[in-house]
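Since the structure comes first, as structure tokens, the remarks are kept for the end.
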Amino acid sequence: MKKMILIVAASFLAVSYTIAQEKSLNVAVWGSTTFISSDGKTTSTPVTFSGSYVYVKSGKEIKDDISGKGNRSEAFWGDYIKSCTVQRTSETGKIKLVLMEGTNTIFKSAWVTTNTPIEYVRK
């Protein structure tokens, strides 16, 4: 009976170690809305953007796309964010890229008002 308990405890420790390495990862694009007044009427146009990110999970690189309009956030489990590139695709508006690993903000760009890509590469 004691031998069986030891085996269960060893298995539990191995599983706990694997789970402990993964953390919550988050890629967020903040986008502004442009307000245009025409003939006394105000309309709003959300900024649009597209890009991609690479993260590592259990030693394997995974690539995914992020695009949309306004604000967008993608959350997933993994070891760390390896890289991310996002670019404004609309003519107006501004975007900001924020990357988090667990509770730590690892990257926060300035607001970008052009179609120049925002790039992050882990050092």
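Ordered as shown in the structure tokens, chains take letters A, B, and onward, while each chain numbers its residues from 1 and ligands are numbered from 1 in the order shown.
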
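Residues in contact with segment 115-120 of chain A at 10 Å, where only C-alpha atoms are counted and same-chain residues fewer than 5 positions away are skipped, are listed as Phe49, Ser50, Gly51, Ser52, Tyr53, Ile81, Lys82, Ser83, Cys84, Thr85, Val86, Gln87, Arg88, Thr89, Ser90, Glu91, Thr92, Gly93, Lys94, Ile95, Lys96, Leu97, Val98, Leu99, Ile106, Phe107, Lys108, Ser109 and Ala110 of chain A.
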
- [ ] Write out as JSON, numbers by chain which residues come within 8 Å of Ser73 of chain A when counting only C-alpha atoms, dropping same-chain ones fewer than 3 positions away.
- [x] {"A": [26, 27, 28, 29]}

Output N, CA and C atoms of each residue in that selection to a file, as an mmCIF file, in the first residue's frame.
```
data_model
loop_
_atom_site.group_PDB
_atom_site.id
_atom_site.type_symbol
_atom_site.label_atom_id
_atom_site.label_comp_id
_atom_site.auth_asym_id
_atom_site.auth_seq_id
_atom_site.Cartn_x
_atom_site.Cartn_y
_atom_site.Cartn_z
ATOM 1 N N ASN A 26 -1.534 36.899 -23.115
ATOM 2 C CA ASN A 26 -2.548 37.774 -23.680
ATOM 3 C C ASN A 26 -1.935 38.715 -24.709
ATOM 4 N N VAL A 27 -2.562 38.776 -25.875
ATOM 5 C CA VAL A 27 -2.209 39.731 -26.923
ATOM 6 C C VAL A 27 -3.410 40.647 -27.077
ATOM 7 N N ALA A 28 -3.225 41.948 -26.838
ATOM 8 C CA ALA A 28 -4.324 42.904 -26.920
ATOM 9 C C ALA A 28 -3.956 44.048 -27.849
ATOM 10 N N VAL A 29 -4.890 44.388 -28.724
ATOM 11 C CA VAL A 29 -4.735 45.555 -29.581
ATOM 12 C C VAL A 29 -5.816 46.535 -29.171
#
```

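Between atom CA of Met100 of chain A and atom CA of Leu25 of chain A the interatomic distance comes to 5.7 Å.
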
Open item on the list: Please extract the residues of chain A with a backbone DSSP assignment of alpha helix (DSSP H) and present them as a count of residues only.
Closed with: 20

TODO: Using DSSP on the backbone, list every residue of segment 40-104 of chain A that comes out as strand (DSSP E), and give them as a PyMOL selection string.
DONE: chain A and resi 41-46+48-57+60-69+72-78+80-88+95-101+104

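For the atom pair formed by atom CA of Ile66 of chain A and atom CA of Val47 of chain A, the distance is 13.9 Å, given to one decimal.
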
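For the pair atom CA of Gln21 of chain A and atom CA of Trp77 of chain A, the separation is 9.9 Å.
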
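Each of A:Lys69, A:Val121, A:Glu22, A:Val56 was compared to Thr34 of chain A using only C-alpha atoms, and A:Lys69 turns out to be the nearest.
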